[in-house]
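Trainee: I'd like to ask some things about the structure below.
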Amino acid sequence: MNRPIRGVAVTSMVIFAALMINLSYLYIGQQNYLNERPENRRVADARFAQDRGPIMVGNTAIAESEKVKDRYKFQRSYTPGELYAQVTGYYSYLYRTSGLEASYSSQLSGVDDSQFLSRLLESVTGSTKRGAALETTIDAKAQKAAWEGLAGRKGAVVAIDYSTGAIKALVSFPSYDPNDLATHDLAASSAAWKRLNADPDRPLSNRATREIYPPGSTFKVVTAAAALDAGMSPDTLIDASPYKLPGSTKVLTENCGASKITLTRALEVSCNPAFARLGVKLGDEALRTQAEKFGFGTKFLDEIGSAASKFPEEIDQAQTAMSAIGEFEVAASPLQMALVSAAIANDGVVMDPYLVDKVLDKDLRVTSQAHPQQQSVAMSSENAAALRQMMVSVVENGTGFRAQVPGVTVGGKTGTAHSDNLRRPYAWFTAWADNPKVAVCVFIQDAEIPTTDIAGGRVAAPIAKAVIEALR
Amino acid sequence: MSDVVGYRRRRGVEAFMLIFAIALGLGGYVLIHLNRDAELPAQWPWAVAALTGIGLVVHIVVRWRLPYADPLILPLVMLLNGLGLAMIHRLDLGTDPVMHSAELQLMWLVIAAAACCLLIIFLRDYRVLQRYTYTMFLAGMALLLLPLVPGLGLEKNGARIWIHLGNYSFQPAELAKLVLSIAFASYLVDKREVLALAGGRVLGIDLPRPRDLGPILVMWLVSLAVLVFQKDLGTSLLFFGLFVMMLYVATEKPSWPILGTLLFVLGAYLGYLFFGHVQVRVSSWLDPFSNYDQNYQVINAQFGIAFGGAFGTGWGLGRPNLTPLAKTDFIAAAIGEELGVAGLLAVMLLYGLIVARGLRASLVARDPFGKLLAAGIAFVFAIQVFAILGGVTRLLPLTGLTTPFMSQGGSSLIANWVTVGLLLIVTHQVRRPVADQSFEPQQWLEAETTQLIPVGAGAGSPRPGASTGSASSGVGSEETAPITPITPISPDEGGDEPTEVVQLPGGRP
């Protein structure tokens, strides 16, 4: 009977060889695939349980990881959470990441996610790396001034150093507390997520960069830039009489003081018939080109994401007329309108905006440093100087007087957008100052004034002023 | 067979390896606590005392009653038990509140080891078991099919391989595999001559005579019933594989395993065609991610092993609790996660060594019953390990079998320890010196020649399953010839001799 027993032995050997080869294959051939599966909680948890570096504003951490005694080892905390939520984003177990937490995740965790497992191996050998720190471009005082200026009104404020593109303030209200989502109490995190998403005021949305709204009269600065580019000057007289839109029964009847006024005066009083007629004269193509030079159609600020502002395509003359005064389907983010002022203040050059100044490793060595980059040239330096003068006039003699700052040259433009008569108008103010070199855009979504009133100058301009003063 | 190999007792080696095996298990236990809390567990002296005590008692019993037993088997078993206990304890700690199933499992280990010792003390010669062929056969079949009895059977995790008695649930197949190994071995020793008779020849393979196909068809149907009604491929594979393999060893005819494999493949295919649960098992084997929630357990076992990587996360540092049933069916996945692929490969090797030692005993055994029994026990281990570890590592569709010695569960532990006890007895009988036994080479030659006679005599015998006294007495008397001279009965254990004499002429109770 020994021959068949040997056969059984060979069979058993084959059985065990098959088991061991299969297990080796599982390890060699499938390990990465299995570890990268989105359902893999072990890897997700281990990835979540990282000692991430802080996000800094000046010398203060606005997001940092603290050691805790639970499964995830480190709790991410945000102080003050709501104020910087749109910048930091959140670091949540259930809802992943957003904002800088998402875009700089690999630097903050000290390693690219792709190298996560080798890092895990290092952690076994004891050579754990702490994540890098981010130094943002945000100015704490400007951020606070913007937040307090909004004073609980829905809206957004963006301030940019126009000589570099560094974002100095970025506020959106209503905001949310990232701590609510980052908590390791997953039930609380889930409840907070549901509450935030159900909130009709949409606190999770970033009104400063990721939403676009009709810019109203602030868009007249773009129309004015196109006019200057077409050879007009600030003193060119333009027709300001009531304007019946071509091919339409709608008439813009607003009284701008005289039937012929200068371009500067038209901007000072935000004269709708004058700019609508001017827009039609320049043509939609010229307006669109000018808008795109300022950045319309471009997505800026990859770090936190933004929506591209837009100027409508294929429009008739009536639509062109309305577009020239920032109505119809023109839509811009507060960031974009800040960039318009920034370009005018910066001799026509649009600087690419950025939020992170430096990345510092755990020994505070700079591993990467932002380099200001030119995004586009929106207008000639002469035309920019002329438009600056016109905007200064708006602040000194016109609708933007509430933005005057003693000892500082401030140029600006108010705006009030009525996209329909049911909701309250949007109040806008976009401005720049020469010292500090900053461009500011204030947007208030729900200005608590009658729909007929000019809102931008009254409610938005003082906030711009406060931000400029905070940066002095 | 005529080689006389002198085996040494090797009990010192066994003791040394036992210390090593126990130390590995206790090392795991201590490391779990050091890794998780950076301090020794409060109960560590008790754990050391308990495990060492069990090892010591079994070792002494073996040294006393089975001095020639294979020295490797007991340390291997203790090592697997130690690792299993440590892992169950580690999984206890992973739940909130902390569970205490390891303590319960330790209690079962004490009972199982005691049962093994009792078997060794009271059954020194396994040949006694040959008396109970048909009792064993019926008992084994009853145990195997017990979970199908309404009210008694219990379906857990999709497989109906449990019965519940009061508060305890129990896998009768665990015991059935031992009982049926014995039954098959003694039945085939009786009938192997008949079954070896050639029927027709197809494709160069000698087929058995159609009238002899009865037993294999019965086993095939039983296995099919297990597959279909108990919904468990592993149990089905286990018993059919065991039977076919023993048939092959007994008859030396390759047509049996070929026929058996074909039958099994056919049965499995029919099961796949006609039964939804078999299809579910197969789809979760081939493409688990097609239904994440349904295949959550298999997928998480894979995740655990992948997460552990080559060397594992270390004792207590992985997340094995994420895999459901990690203490029972999926303990191998927990080992793979925390001890790594290397650790799980080592565990597979340990099982492989037990199988190798069993087959080795089978090779050198001097009587057909011993050969068949040892080979059967070894092969049933191999299939069981293949089915469950293959299921966990996705080599095979998942089955509900336990991982011998490691899985949590008392019935499995007792059945496996008793099986090991029997294997130790066989190895002792096999390895003990034959020089002092009085038999003459002449008788060996006679044995060889007489074995040829029943081929003619048995040709006229009716179907083996229903063989009557008249026909089988001829076969039986022929069988006596090879067995009697080998039976090593020393004067001090003369009590065994009547057993043999009584048993063989009667053939069955």
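Each chain of the structure tokens is named A, B, ... in the order shown, its residues numbered from 1; ligands are numbered from 1 in display order.
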Considering only C-alpha atoms, return as a compact mmCIF listing (two decimals) with C-alpha atoms, in the first residue's frame whatever protein or nucleic-acid residues lie within 7 Å of Val280 (chain A), sequence-local ones (same chain, fewer than 4 positions apart) excluded.

Mentor:
```txt
# COMPACT_ATOMS: atom_id res chain seq x y z
CA ALA A 276 -25.13 100.36 -21.58
CA ASP A 284 -19.81 92.32 -27.02
CA GLN A 317 -27.30 94.17 -28.58
CA THR A 320 -24.72 93.35 -24.61
CA ALA A 321 -26.10 96.56 -23.15
```

Trainee: Neighbours of Tyr248 (chain B) within 10 Å (only C-alpha atoms; same-chain residues fewer than 2 positions away dropped), as a compact mmCIF listing (two decimals) with N, CA and C atoms, in the first residue's frame?

Mentor:
```txt
# COMPACT_ATOMS: atom_id res chain seq x y z
N MET A 1 0.82 -1.20 0.00
CA MET A 1 0.00 0.00 0.00
C MET A 1 0.86 1.26 0.00
N ARG A 3 2.77 2.56 -2.30
CA ARG A 3 2.77 3.39 -3.50
C ARG A 3 1.62 4.41 -3.47
N PRO A 4 0.39 3.97 -3.19
CA PRO A 4 -0.68 4.99 -3.08
C PRO A 4 -0.47 5.96 -1.93
N ILE A 5 0.15 5.50 -0.85
CA ILE A 5 0.40 6.46 0.25
C ILE A 5 1.35 7.55 -0.22
N GLY A 7 1.50 8.52 -3.20
CA GLY A 7 0.64 9.38 -4.02
C GLY A 7 -0.13 10.38 -3.18
N VAL A 8 -0.64 9.91 -2.04
CA VAL A 8 -1.35 10.81 -1.12
C VAL A 8 -0.40 11.88 -0.60
N LEU B 188 -12.37 -0.88 4.75
CA LEU B 188 -11.56 -1.12 3.56
C LEU B 188 -10.53 -2.22 3.78
N ARG B 192 -10.86 -4.63 0.76
CA ARG B 192 -10.00 -4.08 -0.27
C ARG B 192 -9.72 -5.06 -1.39
N LEU B 195 -12.71 -4.91 -3.73
CA LEU B 195 -12.78 -3.64 -4.45
C LEU B 195 -11.67 -3.48 -5.46
N ALA B 196 -10.60 -4.26 -5.27
CA ALA B 196 -9.48 -4.14 -6.18
C ALA B 196 -9.71 -4.91 -7.47
N LEU B 242 -11.73 12.15 1.69
CA LEU B 242 -11.20 11.16 2.63
C LEU B 242 -11.51 9.75 2.15
N PHE B 243 -12.76 9.53 1.76
CA PHE B 243 -13.18 8.20 1.36
C PHE B 243 -12.44 7.75 0.09
N VAL B 244 -12.41 8.62 -0.88
CA VAL B 244 -11.77 8.26 -2.15
C VAL B 244 -10.29 7.97 -1.94
N MET B 245 -9.66 8.79 -1.12
CA MET B 245 -8.24 8.59 -0.88
C MET B 245 -7.98 7.26 -0.18
N MET B 246 -8.82 6.91 0.79
CA MET B 246 -8.61 5.66 1.50
C MET B 246 -8.90 4.47 0.59
N ALA B 250 -6.21 1.64 -0.15
CA ALA B 250 -6.54 0.25 0.16
C ALA B 250 -6.43 -0.63 -1.07
N THR B 251 -6.89 -0.14 -2.21
CA THR B 251 -6.94 -0.99 -3.39
C THR B 251 -5.75 -0.81 -4.31
N GLU B 252 -5.02 0.27 -4.14
CA GLU B 252 -3.89 0.62 -5.00
C GLU B 252 -4.31 0.82 -6.43
N LYS B 253 -5.57 1.12 -6.66
CA LYS B 253 -6.03 1.31 -8.03
C LYS B 253 -6.29 2.80 -8.30
N PRO B 254 -5.54 3.38 -9.21
CA PRO B 254 -5.70 4.82 -9.49
C PRO B 254 -7.08 5.16 -10.06
N SER B 255 -7.80 4.12 -10.53
CA SER B 255 -9.11 4.44 -11.10
C SER B 255 -10.04 5.04 -10.05
N TRP B 256 -9.86 4.69 -8.77
CA TRP B 256 -10.73 5.24 -7.72
C TRP B 256 -10.59 6.76 -7.59
N PRO B 257 -9.37 7.25 -7.37
CA PRO B 257 -9.28 8.72 -7.26
C PRO B 257 -9.71 9.43 -8.54
N ILE B 258 -9.42 8.82 -9.70
CA ILE B 258 -9.83 9.47 -10.96
C ILE B 258 -11.34 9.55 -11.02
N GLY B 260 -13.38 9.30 -8.51
CA GLY B 260 -13.85 10.16 -7.42
C GLY B 260 -13.75 11.62 -7.77
N LEU B 372 -3.98 2.63 6.79
CA LEU B 372 -5.15 3.38 6.33
C LEU B 372 -5.55 4.44 7.34
```

Trainee: Counting only C-alpha atoms, which residues of chain A fall within 9 Å of chain B, and what is the closest atom pair for each with its distance in Å at one decimal, ordered by chain and rising number, as a tab-separated table?

Mentor:
```
residue	atom	partner	partner_atom	distance
A:Met1	CA	B:Val249	CA	5.9
A:Asn2	CA	B:Leu363	CA	5.8
A:Arg3	CA	B:Glu252	CA	7.4
A:Pro4	CA	B:Val249	CA	4.9
A:Ile5	CA	B:Val249	CA	6.0
A:Arg6	CA	B:Leu363	CA	7.8
A:Gly7	CA	B:Val249	CA	8.6
A:Val8	CA	B:Met245	CA	7.2
A:Ala9	CA	B:Leu359	CA	6.6
A:Ser12	CA	B:Ala382	CA	6.2
A:Met13	CA	B:Gly352	CA	7.8
A:Ile15	CA	B:Phe386	CA	6.5
A:Phe16	CA	B:Gly352	CA	6.6
A:Ala18	CA	B:Leu395	CA	8.1
A:Leu19	CA	B:Gly390	CA	6.1
A:Met20	CA	B:Leu345	CA	6.1
A:Asn22	CA	B:Leu395	CA	6.4
A:Leu23	CA	B:Thr393	CA	6.3
A:Ser24	CA	B:Val341	CA	7.2
A:Leu26	CA	B:Ala306	CA	7.6
A:Tyr27	CA	B:Ala306	CA	6.2
A:Ile28	CA	B:Ala310	CA	8.9
A:Gln30	CA	B:Ala306	CA	7.5
A:Gln31	CA	B:Ala306	CA	4.7
A:Asn32	CA	B:Ala306	CA	7.6
A:Tyr33	CA	B:Ala306	CA	8.9
A:Leu34	CA	B:Phe303	CA	5.9
A:Asn35	CA	B:Ala306	CA	6.5
A:Arg37	CA	B:Phe303	CA	8.8
A:Glu39	CA	B:Tyr292	CA	8.4
A:Asn40	CA	B:Phe303	CA	6.4
A:Arg41	CA	B:Leu322	CA	8.4
A:Arg42	CA	B:Arg319	CA	6.7
A:Val43	CA	B:Phe307	CA	7.2
A:Leu117	CA	B:Phe307	CA	8.9
A:Val124	CA	B:Thr313	CA	8.5
```

Trainee: What is the distance, in Å and to one decimal place, between CA of Leu204 (chain A) and CA of Phe173 (chain A)?

Mentor: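 So the two atoms, CA of Leu204 (chain A) and CA of Phe173 (chain A), lie 9.4 Å apart.
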
Trainee: Can you pull out the residues contacting Gln373 (chain A)? Cut-off 10 Å, using only C-alpha atoms, and skip same-chain residues under 3 positions away; I want them as an MDAnalysis selection string.

Mentor: chainID A and resid 163:165 350:354 370 376
